[in-house]
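Trainee: mmCIF, C-alpha atoms and all ligand atoms, saved as data11.cif, coming up:
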data_entry
#
loop_
_atom_site.label_atom_id
_atom_site.label_comp_id
_atom_site.auth_asym_id
_atom_site.auth_seq_id
_atom_site.Cartn_x
_atom_site.Cartn_y
_atom_site.Cartn_z
CA MET Y 1 91.44 103.67 76.82
CA LEU Y 2 90.27 102.61 80.26
CA PRO Y 3 87.72 104.70 82.12
CA VAL Y 4 89.81 106.55 84.71
CA SER Y 5 87.59 108.32 87.19
CA SER Y 6 88.22 111.71 88.76
CA TYR Y 7 90.19 112.09 92.01
CA ARG Y 8 87.23 111.35 94.22
CA PRO Y 9 85.24 108.54 92.68
CA SER Y 10 81.50 109.15 92.89
CA ARG Y 11 79.18 106.76 94.72
CA GLU Y 12 78.14 105.40 91.33
CA THR Y 13 81.74 104.68 90.31
CA LEU Y 14 82.42 102.97 93.63
CA ALA Y 15 79.31 100.85 93.15
CA VAL Y 16 80.51 99.79 89.68
CA ALA Y 17 83.96 98.94 91.08
CA ALA Y 18 82.46 96.93 93.94
CA ALA Y 19 80.19 95.04 91.53
CA LEU Y 20 83.19 94.14 89.34
CA LEU Y 21 85.05 92.90 92.44
CA ARG Y 22 82.13 90.75 93.54
CA GLU Y 23 82.07 89.19 90.07
CA GLY Y 24 85.74 88.25 90.41
CA TRP Y 25 87.37 91.06 88.37
CA PRO Y 26 90.49 92.88 89.54
CA VAL Y 27 90.16 96.65 90.14
CA ALA Y 28 93.01 99.12 90.75
CA PHE Y 29 92.58 101.52 93.65
CA PRO Y 30 94.63 104.11 95.55
CA THR Y 31 96.07 103.58 99.02
CA GLU Y 32 98.26 105.94 101.05
CA THR Y 33 101.39 103.98 100.00
CA VAL Y 34 101.05 102.96 96.33
CA TYR Y 35 98.17 101.88 94.07
CA GLY Y 36 96.92 98.33 94.64
CA LEU Y 37 95.34 95.82 92.26
CA GLY Y 38 92.48 94.44 94.33
CA GLY Y 39 90.45 91.27 94.02
CA ASP Y 40 88.06 89.40 96.34
CA ALA Y 41 90.48 87.78 98.79
CA LEU Y 42 88.06 84.95 99.55
CA ASN Y 43 87.52 83.99 95.90
CA PRO Y 44 90.38 81.89 94.43
CA VAL Y 45 89.27 82.70 90.85
CA ALA Y 46 89.52 86.44 91.57
CA VAL Y 47 92.92 85.99 93.19
CA ARG Y 48 94.25 84.06 90.20
CA ALA Y 49 93.04 86.90 87.94
CA ILE Y 50 95.26 89.35 89.90
CA PHE Y 51 98.35 87.19 89.36
CA ARG Y 52 97.48 86.87 85.65
CA ALA Y 53 96.97 90.61 85.12
CA LYS Y 54 100.33 91.44 86.74
CA GLY Y 55 102.28 88.50 85.38
CA ARG Y 56 103.26 87.77 88.98
CA PRO Y 57 104.91 84.49 90.05
CA PRO Y 58 102.28 82.48 91.96
CA ASN Y 59 104.53 81.77 94.96
CA ASN Y 60 104.74 85.48 95.89
CA PRO Y 61 101.90 85.99 98.42
CA LEU Y 62 99.50 88.94 98.48
CA ILE Y 63 98.51 91.36 101.24
CA VAL Y 64 94.85 91.24 102.28
CA HIS Y 65 93.30 94.69 102.79
CA ILE Y 66 90.49 95.22 105.30
CA ALA Y 67 88.28 98.22 106.19
CA GLU Y 68 88.11 97.68 109.95
CA PRO Y 69 90.23 95.76 112.46
CA GLY Y 70 87.33 93.39 113.28
CA GLN Y 71 87.70 91.79 109.83
CA LEU Y 72 91.02 90.31 110.96
CA GLN Y 73 89.18 87.61 112.95
CA GLU Y 74 88.01 85.74 109.86
CA LEU Y 75 91.44 85.88 108.18
CA ALA Y 76 93.86 84.98 110.97
CA ARG Y 77 94.03 82.68 114.00
CA LYS Y 78 96.16 82.60 117.15
CA ILE Y 79 96.34 86.41 117.06
CA PRO Y 80 99.02 87.37 119.63
CA GLN Y 81 98.50 90.20 122.14
CA VAL Y 82 101.09 92.45 120.51
CA THR Y 83 98.91 92.59 117.38
CA HIS Y 84 96.23 94.59 119.19
CA LYS Y 85 98.74 97.13 120.40
CA LEU Y 86 100.15 97.54 116.89
CA ILE Y 87 96.66 97.88 115.43
CA ASP Y 88 95.72 100.55 118.01
CA TRP Y 89 98.77 102.59 117.12
CA PHE Y 90 99.26 102.07 113.43
CA TRP Y 91 95.95 101.16 111.74
CA PRO Y 92 94.72 102.49 109.48
CA GLY Y 93 98.19 102.97 108.01
CA PRO Y 94 101.20 101.55 106.16
CA LEU Y 95 101.78 98.53 108.42
CA THR Y 96 101.15 94.97 107.20
CA LEU Y 97 100.98 92.26 109.87
CA VAL Y 98 101.88 88.64 109.10
CA LEU Y 99 99.80 86.21 111.20
CA LYS Y 100 98.79 82.55 111.21
CA ARG Y 101 96.35 82.00 108.37
CA SER Y 102 92.73 81.02 108.87
CA PRO Y 103 91.54 78.13 106.64
CA LYS Y 104 89.06 80.61 105.10
CA VAL Y 105 91.90 82.31 103.21
CA PRO Y 106 92.51 80.60 99.86
CA SER Y 107 96.04 79.23 99.48
CA GLU Y 108 96.35 81.27 96.24
CA VAL Y 109 96.52 84.42 98.41
CA THR Y 110 99.29 83.20 100.68
CA GLY Y 111 101.52 81.43 98.17
CA ARG Y 112 100.72 78.26 100.14
CA LEU Y 113 102.36 79.59 103.32
CA ASP Y 114 100.62 78.96 106.67
CA THR Y 115 100.59 82.70 107.32
CA VAL Y 116 98.60 85.62 105.91
CA ALA Y 117 99.61 89.28 105.55
CA VAL Y 118 96.89 91.83 106.45
CA ARG Y 119 96.64 95.59 106.51
CA MET Y 120 94.05 98.35 106.88
CA PRO Y 121 95.00 101.18 104.50
CA ALA Y 122 94.66 104.85 105.50
CA HIS Y 123 92.86 105.99 102.36
CA ALA Y 124 89.20 106.96 102.14
CA VAL Y 125 88.75 105.49 98.64
CA ALA Y 126 90.38 102.17 99.58
CA LEU Y 127 88.27 101.85 102.73
CA ALA Y 128 85.05 102.78 100.92
CA LEU Y 129 85.80 100.25 98.17
CA ILE Y 130 86.45 97.38 100.61
CA GLN Y 131 83.27 98.24 102.49
CA GLU Y 132 81.17 98.49 99.34
CA ALA Y 133 82.58 95.22 97.96
CA GLY Y 134 81.67 93.56 101.28
CA THR Y 135 84.81 91.42 101.25
CA PRO Y 136 88.50 91.81 102.11
CA LEU Y 137 90.62 92.65 99.06
CA ALA Y 138 93.84 90.84 98.20
CA ALA Y 139 96.00 93.48 96.54
CA PRO Y 140 99.59 93.60 95.37
CA SER Y 141 100.97 96.86 94.02
CA ALA Y 142 99.19 97.63 90.71
CA ASN Y 143 102.26 97.45 88.47
CA LEU Y 144 103.27 94.83 85.95
CA SER Y 145 105.48 92.36 87.79
CA GLY Y 146 109.03 93.70 87.65
CA ARG Y 147 108.06 97.39 87.31
CA PRO Y 148 108.24 100.10 90.02
CA SER Y 149 105.12 100.40 92.18
CA PRO Y 150 102.62 102.92 90.78
CA THR Y 151 102.05 106.13 92.72
CA THR Y 152 99.53 107.63 90.28
CA ALA Y 153 96.60 106.26 88.29
CA ALA Y 154 98.55 107.12 85.11
CA HIS Y 155 101.33 104.69 86.16
CA VAL Y 156 98.73 101.93 86.58
CA LEU Y 157 97.23 102.74 83.19
CA ARG Y 158 100.68 102.59 81.59
CA ASP Y 159 101.33 99.07 82.97
CA LEU Y 160 97.90 97.45 83.02
CA ASN Y 161 95.89 99.10 80.24
CA THR Y 162 93.75 96.42 78.50
CA ARG Y 163 94.50 93.93 81.30
CA ILE Y 164 92.01 95.23 83.90
CA PRO Y 165 88.53 96.76 83.62
CA LEU Y 166 88.80 99.76 85.98
CA ILE Y 167 91.21 102.10 87.78
CA LEU Y 168 89.92 104.29 90.61
CA ASP Y 169 91.91 107.53 90.51
CA GLY Y 170 92.64 108.98 93.95
CA GLY Y 171 95.41 111.32 92.83
CA PRO Y 172 99.09 110.78 93.68
CA THR Y 173 99.66 108.59 96.75
CA SER Y 174 100.90 110.41 99.84
CA ILE Y 175 103.67 108.07 101.09
CA GLY Y 176 105.09 106.68 97.85
CA VAL Y 177 106.77 103.52 99.19
CA GLU Y 178 104.96 100.33 100.12
CA SER Y 179 103.83 99.30 103.60
CA THR Y 180 106.14 97.85 106.25
CA VAL Y 181 105.71 94.06 106.53
CA LEU Y 182 106.04 92.80 110.12
CA ASP Y 183 105.83 89.14 111.14
CA VAL Y 184 104.16 88.86 114.54
CA THR Y 185 104.02 85.06 114.71
CA SER Y 186 107.17 84.82 116.86
CA SER Y 187 107.65 86.31 120.35
CA THR Y 188 109.80 89.14 118.96
CA PRO Y 189 108.21 90.78 115.89
CA VAL Y 190 110.39 90.44 112.79
CA LEU Y 191 110.66 93.10 110.08
CA LEU Y 192 110.31 91.39 106.71
CA ARG Y 193 110.14 94.53 104.55
CA PRO Y 194 110.90 98.11 105.63
CA GLY Y 195 108.18 100.53 104.49
CA GLY Y 196 105.93 103.44 105.35
CA THR Y 197 105.85 102.72 109.11
CA THR Y 198 109.39 103.16 110.41
CA VAL Y 199 111.28 100.70 112.63
CA GLU Y 200 111.82 103.55 115.09
CA GLN Y 201 108.03 104.06 115.37
CA LEU Y 202 107.49 100.31 115.84
CA ARG Y 203 110.15 100.06 118.55
CA GLU Y 204 108.59 102.92 120.49
CA VAL Y 205 105.38 100.92 120.72
CA VAL Y 206 106.50 97.29 121.07
CA GLY Y 207 110.10 97.53 122.23
CA ARG Y 208 112.13 94.92 120.40
CA VAL Y 209 111.78 94.49 116.64
CA ALA Y 210 114.17 92.07 114.97
CA LEU Y 211 115.53 92.97 111.56
CA SER Y 212 115.29 89.94 109.38
CA PRO Y 213 118.79 88.97 108.26
CA LYS Y 214 118.96 88.81 104.50
CA ALA Y 215 118.93 85.02 104.38
CA ALA Y 216 115.88 84.71 106.60
CA MET Y 217 114.23 87.48 104.62
CA LEU Y 218 114.57 85.46 101.47
CA THR Y 219 112.71 82.49 102.85
CA ARG Y 220 110.19 84.22 105.10
CA SER Y 221 108.99 86.91 102.70
CA PRO Y 222 109.07 85.27 99.33
CA GLY Y 223 108.49 88.58 97.52
CA THR Y 224 111.94 89.69 98.54
CA ARG Y 225 113.43 86.76 96.67
CA HIS Y 226 112.63 88.46 93.40
CA ARG Y 227 114.40 91.67 92.58
CA HIS Y 228 111.87 94.33 93.44
CA TYR Y 229 111.84 95.45 89.87
CA GLN Y 230 114.08 95.34 86.88
CA PRO Y 231 114.31 98.88 85.62
CA ARG Y 232 114.42 99.17 81.84
CA VAL Y 233 117.73 100.99 82.19
CA GLU Y 234 120.65 100.36 84.53
CA VAL Y 235 120.46 102.06 87.95
CA VAL Y 236 123.62 103.13 89.79
CA LEU Y 237 123.09 103.95 93.47
CA VAL Y 238 125.51 106.49 94.96
CA LEU Y 239 125.62 106.33 98.78
CA PRO Y 240 124.82 109.64 100.54
CA ARG Y 241 128.39 110.54 101.46
CA ALA Y 242 129.89 109.53 98.12
CA GLU Y 243 130.83 112.09 95.50
CA LEU Y 244 127.93 112.33 93.07
CA THR Y 245 129.17 114.58 90.30
CA GLY Y 246 132.24 112.42 89.62
CA VAL Y 247 130.06 109.37 89.06
CA VAL Y 248 127.79 111.26 86.66
CA GLU Y 249 130.81 112.66 84.78
CA GLN Y 250 132.25 109.18 84.41
CA TYR Y 251 129.20 107.85 82.58
CA TRP Y 252 128.57 111.09 80.69
CA SER Y 253 132.13 111.06 79.33
CA ARG Y 254 131.48 107.61 77.86
CA GLY Y 255 128.78 109.16 75.74
CA LEU Y 256 125.88 107.75 77.75
CA ARG Y 257 122.66 109.73 78.17
CA VAL Y 258 122.51 109.97 81.96
CA GLY Y 259 119.43 110.58 84.12
CA LEU Y 260 120.10 111.80 87.65
CA ILE Y 261 117.80 111.63 90.68
CA CYS Y 262 119.00 113.65 93.65
CA SER Y 263 117.75 115.89 96.42
CA GLU Y 264 117.53 119.70 96.29
CA THR Y 265 120.80 120.14 98.15
CA ALA Y 266 122.98 118.05 95.81
CA ARG Y 267 125.74 119.75 93.84
CA LEU Y 268 124.58 119.28 90.27
CA PRO Y 269 126.89 118.38 87.42
CA ARG Y 270 127.24 121.21 84.89
CA ARG Y 271 126.24 119.18 81.88
CA PRO Y 272 123.17 120.46 80.06
CA ASP Y 273 122.45 117.07 78.52
CA VAL Y 274 122.22 115.23 81.85
CA LYS Y 275 118.50 114.90 82.67
CA VAL Y 276 118.12 115.84 86.32
CA HIS Y 277 115.09 114.97 88.46
CA VAL Y 278 115.32 116.88 91.73
CA LEU Y 279 113.39 115.56 94.75
CA PRO Y 280 112.64 117.37 98.02
CA GLU Y 281 115.31 117.18 100.68
CA SER Y 282 112.90 115.86 103.31
CA ILE Y 283 112.87 112.07 103.35
CA SER Y 284 109.06 112.02 103.11
CA GLY Y 285 109.20 114.19 99.98
CA PHE Y 286 111.99 112.04 98.52
CA ALA Y 287 110.06 108.80 99.15
CA LYS Y 288 106.87 110.25 97.71
CA GLY Y 289 108.51 111.26 94.43
CA LEU Y 290 111.02 108.45 93.90
CA PHE Y 291 109.06 105.89 91.84
CA ALA Y 292 107.53 108.59 89.63
CA ALA Y 293 111.03 110.02 89.03
CA ILE Y 294 112.38 106.61 87.98
CA ARG Y 295 109.46 106.04 85.61
CA ALA Y 296 109.74 109.54 84.14
CA LEU Y 297 113.47 109.18 83.45
CA GLU Y 298 113.05 105.71 81.94
CA GLU Y 299 110.46 107.09 79.55
CA SER Y 300 112.59 110.10 78.67
CA GLY Y 301 115.00 107.80 76.85
CA VAL Y 302 118.07 107.95 79.10
CA ASP Y 303 120.58 105.08 78.90
CA MET Y 304 121.04 104.84 82.65
CA ILE Y 305 119.94 106.41 85.94
CA VAL Y 306 122.24 107.58 88.74
CA VAL Y 307 120.42 107.96 92.08
CA GLN Y 308 121.80 109.72 95.11
CA GLY Y 309 121.04 107.58 98.17
CA VAL Y 310 119.66 108.75 101.52
CA GLU Y 311 120.54 107.98 105.16
CA GLU Y 312 119.20 104.58 106.24
CA ARG Y 313 117.00 105.68 109.10
CA GLY Y 314 113.30 106.45 109.36
CA LEU Y 315 111.64 106.22 105.94
CA GLY Y 316 115.16 106.19 104.48
CA LEU Y 317 115.44 102.48 105.34
CA ALA Y 318 112.56 101.66 102.96
CA VAL Y 319 113.86 104.03 100.27
CA MET Y 320 117.34 102.47 100.35
CA ASP Y 321 115.90 98.94 100.39
CA ARG Y 322 114.06 99.66 97.12
CA LEU Y 323 117.06 101.42 95.59
CA ARG Y 324 119.47 98.62 96.48
CA ARG Y 325 117.12 96.14 94.81
CA ALA Y 326 116.88 98.27 91.69
CA ALA Y 327 120.59 99.03 91.42
CA SER Y 328 123.12 96.94 89.55
CA LEU Y 329 125.96 99.00 91.05
CA VAL Y 330 126.39 100.73 94.42
CA VAL Y 331 129.10 103.40 94.77
CA ASP Y 332 130.32 103.95 98.35
CA GLU Y 333 131.99 106.96 100.01
CA HIS Y 334 135.44 105.76 98.91
CA GLY Y 335 134.29 105.86 95.31
CA GLN Y 336 134.33 102.08 95.27
CA ALA Y 337 131.68 100.32 93.22
CA VAL Y 338 130.05 97.10 94.37
CA VAL Y 339 128.26 95.08 91.73
CA THR Y 340 124.93 93.80 93.06
CA ALA Y 341 123.31 92.14 90.08
O1 LIG Y 401 101.78 99.26 100.57
C1 LIG Y 401 101.61 98.10 100.22
O2 LIG Y 401 101.93 97.12 100.91
C2 LIG Y 401 101.00 97.88 98.82
C3 LIG Y 401 99.57 98.43 98.85
C4 LIG Y 401 98.81 98.14 97.58
O3 LIG Y 401 98.90 97.95 99.98
N1 LIG Y 401 101.01 96.49 98.47
C5 LIG Y 401 102.16 95.84 98.15
O4 LIG Y 401 101.97 94.52 97.80
O5 LIG Y 401 103.26 96.36 98.16
P1 LIG Y 401 103.08 93.62 97.10
O6 LIG Y 401 102.36 92.40 96.68
O7 LIG Y 401 103.73 94.39 96.04
O8 LIG Y 401 104.06 93.25 98.27
C6 LIG Y 401 103.63 92.38 99.30
C7 LIG Y 401 104.80 91.93 100.14
C8 LIG Y 401 105.70 90.97 99.38
O9 LIG Y 401 107.06 91.23 99.72
C9 LIG Y 401 105.24 89.63 99.93
O10 LIG Y 401 106.22 88.62 99.85
C10 LIG Y 401 104.93 89.97 101.37
O11 LIG Y 401 104.30 91.25 101.28
N2 LIG Y 401 104.00 89.00 101.97
C11 LIG Y 401 102.71 88.80 101.64
N3 LIG Y 401 102.19 87.77 102.35
C12 LIG Y 401 103.17 87.32 103.15
C13 LIG Y 401 103.28 86.27 104.11
N4 LIG Y 401 102.24 85.48 104.41
N5 LIG Y 401 104.46 86.10 104.75
C14 LIG Y 401 105.52 86.89 104.47
N6 LIG Y 401 105.48 87.89 103.56
C15 LIG Y 401 104.33 88.11 102.90
MG MG Y 402 104.90 95.03 94.51
#
I'd like the structure from this file rewritten - as structure tokens, please.
Mentor:
Amino acid sequence: MLPVSSYRPSRETLAVAAALLREGWPVAFPTETVYGLGGDALNPVAVRAIFRAKGRPPNNPLIVHIAEPGQLQELARKIPQVTHKLIDWFWPGPLTLVLKRSPKVPSEVTGRLDTVAVRMPAHAVALALIQEAGTPLAAPSANLSGRPSPTTAAHVLRDLNTRIPLILDGGPTSIGVESTVLDVTSSTPVLLRPGGTTVEQLREVVGRVALSPKAAMLTRSPGTRHRHYQPRVEVVLVLPRAELTGVVEQYWSRGLRVGLICSETARLPRRPDVKVHVLPESISGFAKGLFAAIRALEESGVDMIVVQGVEERGLGLAVMDRLRRAASLVVDEHGQAVVTA
């Protein structure tokens, strides 16, 4: 069993974690979005160890985490004016900025792109760890490649036990979906991945934000080329205005053990053997609980998971992005199913 520290790691625990990082080991730590698997971003050996621990394809670049905006100078060059405005408004927080890469950043971090993704997380433990390590931390989500992002230390333990030396436990993460990835290398910022900072919030501050068309998304943010994760069981996404109970009935009547994820207000099917995971109606509550709900249902032994979708605005854009990637079938309001995988 790995040593999992209490919710607020002590100074001693932080010092141990920082020492491991300086020696090139990967360490899992909490952020406000999901848990990250950090390694010294300026040490190629440490960065390769992250990819190894996760089983991540090497062409999928990592986000570099910093503890103060000033650290951006050594990581990026040709920093456009709009960056400063975004930093003033959204850092620390769930916004990752893609900028031209400085030669100091090892190519292992950036998947050999000429850009680097950087963010300053809004989490006391993450910030303290980066400071104590004395180096920016490259950190993907701390799940095995292909699994949902971890929102508790227990999720990290489940995926990476025996693969990494330490997990810092900061309790459940507060946002529950990953950061927004925004490319600021062109004159109009381009959204590469919807996340914890909403497009509406970004537009209020910088005006125009282009939504990356799917094709461009595939080439510009290589991570989106891979399915976000392959759930162990099939996921069927039911769009918000579609009839949920009928879909559940359909699978239940075939003798399948169905898991259902829906919000408090959904009309629930009257089948005692359908495992229901109810999430708060607020989109922030839904986002926060979603990955944990998927993991819990998978482990409960269901054959498949039906998820009720949410409106695609605000945080709902990120939630639906992750659900569409996970789903092999999307049922629309006409009851029509579209196969996606
Ligand atoms: O909230 C988060 O962003 C979490 C926490 C730990 O900070 N991290 C996270 O990392 O979700 P990861 O590796 O699971 O996702 C990083 C995303 C991928 O889609 C990747 O392709 C994209 O960021 N990315 C990284 N560097 C990039 C670059 N230079 N250009 C375009 N996209 C990049
Ligand atoms: Mg990830």
Trainee: So, with only C-alpha atoms as the atoms that count, which of Y:Thr265, Y:Gln71, Y:Ser179, Y:Ser282 lies closest to Gly134 in chain Y?
Mentor: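 Residue with the minimum atom-to-atom distance to Gly134 in chain Y: Y:Gln71.
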Trainee: Given a cut-off of 8 Å, what residues near ligand LIG 401 (chain Y) show up using all atoms listed in the file, put as an NGL selection string?
Mentor: :Y and (30-37 or 60-63 or 65 or 94-96 or 98-99 or 101 or 109-111 or 113-119 or 121 or 139-142 or 149 or 177-181 or 183 or 192-193 or 195-196 or 220-224)
Trainee: What is the distance, in Å and to one decimal place, between CA of Tyr251 in chain Y and CA of Ala337 in chain Y?
Mentor: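 According to the coordinates, CA of Tyr251 in chain Y and CA of Ala337 in chain Y are separated by 13.3 Å.
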Trainee: Find the residue from Y:Ala49, Y:Leu144, Y:Val274, Y:Leu244 that sits nearest to ligand MG 402 (chain Y); use only C-alpha atoms and all ligand atoms when measuring.
Mentor: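 Closest to ligand MG 402 (chain Y), using only C-alpha atoms and all ligand atoms: Y:Leu144.
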Trainee: With only C-alpha atoms as the basis for distance, which of Y:Ala287, Y:Leu297, Y:Leu317, Y:Ala41 is at the shortest distance from Ser174 in chain Y?
Mentor: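 Looking at the shortest contact to Ser174 in chain Y, the residue is Y:Ala287.
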Trainee: Work out where the centre of an axis-aligned box around every listed atom of range 143-155 of chain Y lies and how long its edges are once 4 Å is added on each side; give both in Å to one decimal as AutoDock Vina command-line options.
Mentor:
--center_x 102.8 --center_y 100.0 --center_z 88.9 --size_x 20.4 --size_y 23.3 --size_z 15.6
Trainee: Select all residues near (98.3, 104.1, 84.3) (cut-off 12 Å, inclusive, file coordinates), counting only C-alpha atoms, and output them as a PyMOL selection string.
Mentor: chain Y and resi 1-5+28-30+35-37+142-144+149-164+166-169+171-172+292+295
Trainee: For ligand MG 402 (chain Y), which residue out of Y:Gly146, Y:Pro194, Y:Arg11, Y:Met320 is the nearest one, using all atoms listed in the file?
Mentor: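 Of all the options, Y:Gly146 lies closest to ligand MG 402 (chain Y).
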Trainee: Env of Leu127 in chain Y: 12 Å cut, atoms = all atoms listed in the file, seq-sep filter 4 positions within chain, self excluded. Answer as a PyMOL selection string.
Mentor: chain Y and resi 14+18+29-32+38+65-69+91-93+119-123+131-137
Trainee: Could you tell me how far CA of Ala293 in chain Y lies from CA of Gln250 in chain Y, in Å and to one decimal?
Mentor: 21.7 Å
Trainee: Using all atoms listed in the file, pick whichever of Y:Pro148, Y:Gly207, Y:Pro213, Y:Ala138 has the shortest atom-to-atom distance to ligand MG 402 (chain Y).
Mentor: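 Result for the nearest residue to ligand MG 402 (chain Y): Y:Pro148.
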